[in-house]
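Report on one structure; see the data block that follows.
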Number of protein chains: 2
Amino acid sequence: MKKEITPKDQVFQTASKLFYQHGYRAIGVDTIAAESGIGKMTLYRHYPSKDDLITAYLKDSNELFWNNFEALTKDAPTARAKLMAFFESLQEYVNTPACYGCPFLNVATEYPETDYPGHQVALEHKQSVRAKFRQLAKEAGAKKPDVLADQLFLLMDGAYMASRMFGANNPAAHVASAARTLIEAAVE
Amino acid sequence: MKKEITPKDQVFQTASKLFYQHGYRAIGVDTIAAESGIGKMTLYRHYPSKDDLITAYLKDSNELFWNNFEALTKDAPTARAKLMAFFESLQEYVNTPACYGCPFLNVATEYPETDYPGHQVALEHKQSVRAKFRQLAKEAGAKKPDVLADQLFLLMDGAYMASRMFGANNPAAHVASAARTLIEAAVE
DNA sequence: GTGCTACGATACAGACCTGTATCGATATAG
DNA sequence: CTATATCGATACAGGTCTGTATCGTAGCAC
């Protein structure tokens, strides 16, 4: 049946939750093993190092992001509507207790050296988001699509950080209207 | 004459630079002592714990922020001009190699627990910036000053994070124009 | 049954961390 | 000169971290 959760999945889910909430450096492998009820050696059998576990979490977060992005925007009729659908969803999410910021911004802050594997994955993710924004800004008819894309990008990351700094009920409550204003000004 | 640098200042300046560049958890007191050329016991005589040193750095960063803010805006004739002066200066700074993001966002990311002393100082700082933005937004004649203030706040923190994530030449190159667009839309 | 594999539990090695203790040198006040 | 305080250097204690080694067990193929 393969329905039951494997030890590897159990480790991964526990690590994901702990990394996201408390940070990468603050959580040790002993904590992950104990919290997941999985033996330490089983953890190391599936993930040869803590960095491998961090990298796996980030790559999974990237997939989840794009799956969610696709689901959010697939019914929007225009590029502009797709962008707004994303920012409305973002606004809702970052004001939720389940939000602890952005895994990619968090890892880049904790490991600022750009050659750290996790930072690399984070950079690739952010560049891909930036590229998607550029594409949509162009399709939406922005006069300077690259500028609009970067402006929206700043709003997004500002909203994520507002969540991590303030918790729920943070300054990101109006991020969607800010995005709308920037888009309108860029296409007129 | 008191011109010479005291050991306490030497420790503080070294710690500030290292914390800002590499992060709070990544830098140990041994590194600070060695890098500053100051004995470890001298460090602990002036700062009883590493957390005290972190807190002192954050409080100093807060003072520097407001001194800089005052200097930047004191010659601006209107509230709107003051806001723009700040965001133009921010745009310049975050695209500089000397920028490693925002010390307050960084500490909040590394120590997400809100009861951590450094997180508290960071929260107070961000709330005071938010309040200043609200005051200026109101003076500038925004129809919804609180909303405009929070939108600008997101732009600011997004710009700081862009710097930490990407280094120099980051998506924050157009943060000032984004601020201008939001302000114009809010006051018209 | 028998051999094999995955697993949990635990102990351990080596490194690093914060914070303390100790000692010798130096500088300054009286 | 002498006493006191500050400093640098170093060793150390106790804890935590990553990663490994070891052992006993449970399930499964054959």
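Each chain of the structure tokens is named A, B, ... in the order shown, its residues numbered from 1; ligands are numbered from 1 in display order.
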Once you count only C-alpha atoms, what closest atom pair and distance in Å to one decimal does each residue of chain B within 8 Å of chain A have, with rows by chain and rising residue number, as JSON lines?
{"residue": "B:Gln21", "atom": "CA", "partner": "A:Pro112", "partner_atom": "CA", "distance": 7.6}
{"residue": "B:His22", "atom": "CA", "partner": "A:Pro112", "partner_atom": "CA", "distance": 6.2}
{"residue": "B:Gly23", "atom": "CA", "partner": "A:Glu110", "partner_atom": "CA", "distance": 6.4}
{"residue": "B:Arg25", "atom": "CA", "partner": "A:Arg25", "partner_atom": "CA", "distance": 7.6}
{"residue": "B:Ala26", "atom": "CA", "partner": "A:Glu110", "partner_atom": "CA", "distance": 7.9}
{"residue": "B:Leu105", "atom": "CA", "partner": "A:Met165", "partner_atom": "CA", "distance": 6.9}
{"residue": "B:Asn106", "atom": "CA", "partner": "A:Thr109", "partner_atom": "CA", "distance": 6.1}
{"residue": "B:Ala108", "atom": "CA", "partner": "A:Met165", "partner_atom": "CA", "distance": 5.7}
{"residue": "B:Thr109", "atom": "CA", "partner": "A:Asn106", "partner_atom": "CA", "distance": 6.2}
{"residue": "B:Glu110", "atom": "CA", "partner": "A:Gly23", "partner_atom": "CA", "distance": 6.4}
{"residue": "B:Tyr111", "atom": "CA", "partner": "A:His22", "partner_atom": "CA", "distance": 7.5}
{"residue": "B:Pro112", "atom": "CA", "partner": "A:His22", "partner_atom": "CA", "distance": 6.3}
{"residue": "B:Glu113", "atom": "CA", "partner": "A:His22", "partner_atom": "CA", "distance": 7.7}
{"residue": "B:Leu123", "atom": "CA", "partner": "A:Met165", "partner_atom": "CA", "distance": 7.0}
{"residue": "B:Val147", "atom": "CA", "partner": "A:His174", "partner_atom": "CA", "distance": 6.5}
{"residue": "B:Asp150", "atom": "CA", "partner": "A:Pro171", "partner_atom": "CA", "distance": 5.1}
{"residue": "B:Gln151", "atom": "CA", "partner": "A:Ala178", "partner_atom": "CA", "distance": 6.1}
{"residue": "B:Phe153", "atom": "CA", "partner": "A:Pro171", "partner_atom": "CA", "distance": 7.4}
{"residue": "B:Leu154", "atom": "CA", "partner": "A:Gly158", "partner_atom": "CA", "distance": 4.2}
{"residue": "B:Leu155", "atom": "CA", "partner": "A:Leu155", "partner_atom": "CA", "distance": 5.4}
{"residue": "B:Met156", "atom": "CA", "partner": "A:Gly158", "partner_atom": "CA", "distance": 7.2}
{"residue": "B:Asp157", "atom": "CA", "partner": "A:Gly158", "partner_atom": "CA", "distance": 4.9}
{"residue": "B:Gly158", "atom": "CA", "partner": "A:Gly158", "partner_atom": "CA", "distance": 3.9}
{"residue": "B:Ala159", "atom": "CA", "partner": "A:Leu154", "partner_atom": "CA", "distance": 5.9}
{"residue": "B:Met161", "atom": "CA", "partner": "A:Asp157", "partner_atom": "CA", "distance": 7.1}
{"residue": "B:Ala162", "atom": "CA", "partner": "A:Leu154", "partner_atom": "CA", "distance": 7.2}
{"residue": "B:Arg164", "atom": "CA", "partner": "A:Thr109", "partner_atom": "CA", "distance": 6.8}
{"residue": "B:Met165", "atom": "CA", "partner": "A:Ala108", "partner_atom": "CA", "distance": 5.7}
{"residue": "B:Phe166", "atom": "CA", "partner": "A:Leu123", "partner_atom": "CA", "distance": 7.2}
{"residue": "B:Pro171", "atom": "CA", "partner": "A:Asp150", "partner_atom": "CA", "distance": 5.1}
{"residue": "B:Ala172", "atom": "CA", "partner": "A:Leu154", "partner_atom": "CA", "distance": 6.8}
{"residue": "B:His174", "atom": "CA", "partner": "A:Val147", "partner_atom": "CA", "distance": 6.5}
{"residue": "B:Val175", "atom": "CA", "partner": "A:Gln151", "partner_atom": "CA", "distance": 6.4}
{"residue": "B:Ala178", "atom": "CA", "partner": "A:Gln151", "partner_atom": "CA", "distance": 6.1}
{"residue": "B:Thr181", "atom": "CA", "partner": "A:Leu182", "partner_atom": "CA", "distance": 6.6}
{"residue": "B:Leu182", "atom": "CA", "partner": "A:Thr181", "partner_atom": "CA", "distance": 6.6}
{"residue": "B:Ala185", "atom": "CA", "partner": "A:Thr181", "partner_atom": "CA", "distance": 7.0}
Atoms kept (C-alpha atoms) for selection, written as a PDB file, in the first residue's frame:
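Below is the file part_16.pdb, written as the result:
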ATOM      1  CA  GLN B  21      28.588  40.976   7.656  1.00  0.00           C
ATOM      2  CA  HIS B  22      28.476  37.379   8.837  1.00  0.00           C
ATOM      3  CA  GLY B  23      25.557  37.229  11.230  1.00  0.00           C
ATOM      4  CA  ARG B  25      25.261  33.296  15.460  1.00  0.00           C
ATOM      5  CA  ALA B  26      28.131  32.764  13.047  1.00  0.00           C
ATOM      6  CA  LEU B 105      15.871  42.258  10.120  1.00  0.00           C
ATOM      7  CA  ASN B 106      18.939  40.068  10.409  1.00  0.00           C
ATOM      8  CA  ALA B 108      14.914  38.988  13.928  1.00  0.00           C
ATOM      9  CA  THR B 109      15.615  36.238  11.418  1.00  0.00           C
ATOM     10  CA  GLU B 110      18.375  34.622  13.462  1.00  0.00           C
ATOM     11  CA  TYR B 111      16.474  34.917  16.748  1.00  0.00           C
ATOM     12  CA  PRO B 112      12.805  34.650  15.789  1.00  0.00           C
ATOM     13  CA  GLU B 113      11.609  34.270  19.369  1.00  0.00           C
ATOM     14  CA  LEU B 123      10.963  45.451  16.988  1.00  0.00           C
ATOM     15  CA  VAL B 147      -1.689  52.414   4.574  1.00  0.00           C
ATOM     16  CA  ASP B 150       3.082  50.432   5.694  1.00  0.00           C
ATOM     17  CA  GLN B 151       3.474  50.179   1.940  1.00  0.00           C
ATOM     18  CA  PHE B 153       7.786  50.188   5.025  1.00  0.00           C
ATOM     19  CA  LEU B 154       7.543  47.027   2.920  1.00  0.00           C
ATOM     20  CA  LEU B 155       9.567  48.650   0.163  1.00  0.00           C
ATOM     21  CA  MET B 156      12.291  49.618   2.605  1.00  0.00           C
ATOM     22  CA  ASP B 157      12.664  46.164   4.124  1.00  0.00           C
ATOM     23  CA  GLY B 158      12.410  44.538   0.716  1.00  0.00           C
ATOM     24  CA  ALA B 159      15.324  46.708  -0.402  1.00  0.00           C
ATOM     25  CA  MET B 161      16.746  42.052   1.998  1.00  0.00           C
ATOM     26  CA  ALA B 162      17.534  42.380  -1.693  1.00  0.00           C
ATOM     27  CA  ARG B 164      21.604  40.748   1.667  1.00  0.00           C
ATOM     28  CA  MET B 165      20.329  38.174  -0.802  1.00  0.00           C
ATOM     29  CA  PHE B 166      21.954  39.480  -3.991  1.00  0.00           C
ATOM     30  CA  PRO B 171      16.548  44.504  -7.441  1.00  0.00           C
ATOM     31  CA  ALA B 172      16.422  47.503  -5.107  1.00  0.00           C
ATOM     32  CA  HIS B 174      14.387  51.236  -8.362  1.00  0.00           C
ATOM     33  CA  VAL B 175      13.071  51.428  -4.823  1.00  0.00           C
ATOM     34  CA  ALA B 178       8.453  52.774  -6.391  1.00  0.00           C
ATOM     35  CA  THR B 181       4.669  56.104  -7.274  1.00  0.00           C
ATOM     36  CA  LEU B 182       3.049  54.962  -4.045  1.00  0.00           C
ATOM     37  CA  ALA B 185      -1.063  57.640  -5.745  1.00  0.00           C
TER      38      ALA B 185
END
>> Give me, as number ranges by chain, the residues of region 3-130 of chain B that a backbone DSSP run labels helix (DSSP H, G or I).
In response: B: 7-22, 29-36, 40-46, 50-73, 79-94, 103-110, 117-130
Near chain B, meaning an atom within 9 Å, which residues of chain C appear when counting only C-alpha atoms (C1' of nucleotides)? Write them as a PDB file with N, CA and C atoms (P, O5', C5', C4', C3', O3' and C1' of nucleotides), in the first residue's frame.
ATOM      1  P    DC C  17      33.127  28.796  17.092  1.00  0.00           P
ATOM      2  O5'  DC C  17      32.174  29.059  18.338  1.00  0.00           O
ATOM      3  C5'  DC C  17      30.831  28.576  18.321  1.00  0.00           C
ATOM      4  C4'  DC C  17      30.273  28.572  19.734  1.00  0.00           C
ATOM      5  C3'  DC C  17      30.702  29.774  20.567  1.00  0.00           C
ATOM      6  O3'  DC C  17      29.731  30.799  20.508  1.00  0.00           O
ATOM      7  C1'  DC C  17      30.822  27.715  21.815  1.00  0.00           C
ATOM      8  P    DT C  18      30.081  32.204  21.178  1.00  0.00           P
ATOM      9  O5'  DT C  18      29.776  31.989  22.721  1.00  0.00           O
ATOM     10  C5'  DT C  18      28.453  31.720  23.143  1.00  0.00           C
ATOM     11  C4'  DT C  18      28.416  31.476  24.641  1.00  0.00           C
ATOM     12  C3'  DT C  18      28.792  32.683  25.501  1.00  0.00           C
ATOM     13  O3'  DT C  18      27.863  32.796  26.577  1.00  0.00           O
ATOM     14  C1'  DT C  18      30.171  30.850  26.067  1.00  0.00           C
ATOM     15  P    DG C  19      27.761  34.202  27.406  1.00  0.00           P
ATOM     16  O5'  DG C  19      28.790  33.956  28.592  1.00  0.00           O
ATOM     17  C5'  DG C  19      28.498  32.911  29.523  1.00  0.00           C
ATOM     18  C4'  DG C  19      29.723  32.579  30.335  1.00  0.00           C
ATOM     19  C3'  DG C  19      30.413  33.747  31.067  1.00  0.00           C
ATOM     20  O3'  DG C  19      30.356  33.509  32.454  1.00  0.00           O
ATOM     21  C1'  DG C  19      31.982  32.286  30.086  1.00  0.00           C
ATOM     22  P    DT C  20      31.062  34.500  33.490  1.00  0.00           P
ATOM     23  O5'  DT C  20      32.339  33.658  33.938  1.00  0.00           O
ATOM     24  C5'  DT C  20      32.164  32.336  34.436  1.00  0.00           C
ATOM     25  C4'  DT C  20      33.497  31.744  34.874  1.00  0.00           C
ATOM     26  C3'  DT C  20      34.312  32.629  35.828  1.00  0.00           C
ATOM     27  O3'  DT C  20      34.775  31.834  36.891  1.00  0.00           O
ATOM     28  C1'  DT C  20      35.644  31.985  33.979  1.00  0.00           C
TER      29       DT C  20
END
Could I get the residues of chain D with an atom no further than 10 Å from an atom of chain B, each paired with its nearest atom pair and that distance in Å to one decimal, using only C-alpha atoms (C1' of nucleotides), sorted by chain and residue number, as a Markdown table?
| residue | atom | partner | partner_atom | distance |
| --- | --- | --- | --- | --- |
| D:DT6 | C1' | B:Thr42 | CA | 8.5 |
| D:DC7 | C1' | B:Thr42 | CA | 6.9 |
| D:DG8 | C1' | B:Gly39 | CA | 5.1 |
| D:DA9 | C1' | B:Gly39 | CA | 7.1 |
Hey, what's within 12 Å of DA21 (chain D) if we count only C-alpha atoms (C1' of nucleotides) and toss same-chain stuff fewer than 4 positions away? As a compact mmCIF listing (two decimals) with N, CA and C atoms (P, O5', C5', C4', C3', O3' and C1' of nucleotides), in the first residue's frame, please?
# COMPACT_ATOMS: atom_id res chain seq x y z
N MET A 41 20.83 7.79 13.36
CA MET A 41 21.52 7.13 12.26
C MET A 41 20.62 6.96 11.05
P DT C 10 17.95 5.34 24.85
O5' DT C 10 19.54 5.22 24.91
C5' DT C 10 20.14 3.95 24.72
C4' DT C 10 21.61 4.09 24.41
C3' DT C 10 22.28 5.32 25.06
O3' DT C 10 23.37 4.88 25.83
C1' DT C 10 22.93 5.09 22.81
P DA C 11 24.07 5.86 26.90
O5' DA C 11 25.62 5.61 26.61
C5' DA C 11 26.03 4.38 26.02
C4' DA C 11 27.23 4.61 25.13
C3' DA C 11 28.20 5.68 25.64
O3' DA C 11 29.51 5.15 25.69
C1' DA C 11 27.64 6.09 23.37
P DC C 12 30.69 5.95 26.34
O5' DC C 12 31.45 6.60 25.09
C5' DC C 12 31.68 5.80 23.93
C4' DC C 12 32.04 6.67 22.76
C3' DC C 12 33.01 7.80 23.09
O3' DC C 12 34.29 7.48 22.55
C1' DC C 12 31.29 8.44 21.54
P DA C 13 35.55 8.38 22.97
O5' DA C 13 35.86 9.20 21.64
C5' DA C 13 35.94 8.51 20.39
C4' DA C 13 36.10 9.52 19.26
C3' DA C 13 37.07 10.66 19.56
O3' DA C 13 37.85 10.91 18.40
C1' DA C 13 34.93 11.54 19.05
>> as number ranges by chain, please: the residues near DT28 (chain C) (cut-off 12 Å, only C-alpha atoms (C1' of nucleotides), same-chain neighbours under 6 positions excluded).
In response: D: 2-6
> Which polymer residues have any atom within 10 Å of an atom of region 24-27 of chain D, counting only C-alpha atoms (C1' of nucleotides), with same-chain residues fewer than 5 positions away left out, as a ChimeraX atom specification?
Replying inline: /C:5-9
Would you mind exporting C-alpha atoms (C1' of nucleotides) of the selected residues as a short mmCIF file (atom, residue, chain, number, x, y, z; two decimals), in the first residue's frame?
data_model
loop_
_atom_site.label_atom_id
_atom_site.label_comp_id
_atom_site.auth_asym_id
_atom_site.auth_seq_id
_atom_site.Cartn_x
_atom_site.Cartn_y
_atom_site.Cartn_z
"C1'" DT C 5 18.20 -4.95 5.69
"C1'" DA C 6 16.24 -1.03 7.95
"C1'" DC C 7 15.55 0.77 12.16
"C1'" DG C 8 15.87 2.90 17.19
"C1'" DA C 9 18.80 3.81 20.94
#
> Between C1' of DC23 (chain C) and CA of Ala33 (chain B), what is the distance, to one decimal in Å?
Replying inline: 18.7 Å
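The list of residues with at least one atom within 9 Å of region 75-82 of chain A, based on only C-alpha atoms (C1' of nucleotides) and without residues fewer than 5 positions apart in the same chain, reads Phe87, Gln135, Leu136, Ala137, Lys138, Glu139, Ala140, Gly141, Arg180 and Ile183 of chain A.
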> What separation in Å, quoted to one decimal, exists between CA of Glu88 (chain A) and CA of Ser128 (chain A)?
Replying inline: 19.9 Å
> What is the CA of Thr6 (chain B)-CA of Ile27 (chain B) distance in Å, reported with one decimal?
Replying inline: 21.7 Å
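Checking A:Leu83, A:Ala168, A:Ala71, A:Ile32 one by one against Val129 (chain A), counting only C-alpha atoms, you find the shortest gap at A:Leu83.
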Just the residues within 12 Å of DT2 (chain C), please, counting only C-alpha atoms (C1' of nucleotides), with nothing from its chain fewer than 3 positions along; format it as a PDB file with C-alpha atoms (C1' of nucleotides), in the first residue's frame.
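Result saved to selection-v2.pdb:
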ATOM      1  C1'  DC D  28      10.905  -9.698   5.274  1.00  0.00           C
ATOM      2  C1'  DA D  29      12.612 -12.617   1.415  1.00  0.00           C
ATOM      3  C1'  DC D  30      13.716 -17.206   0.520  1.00  0.00           C
TER       4       DC D  30
END
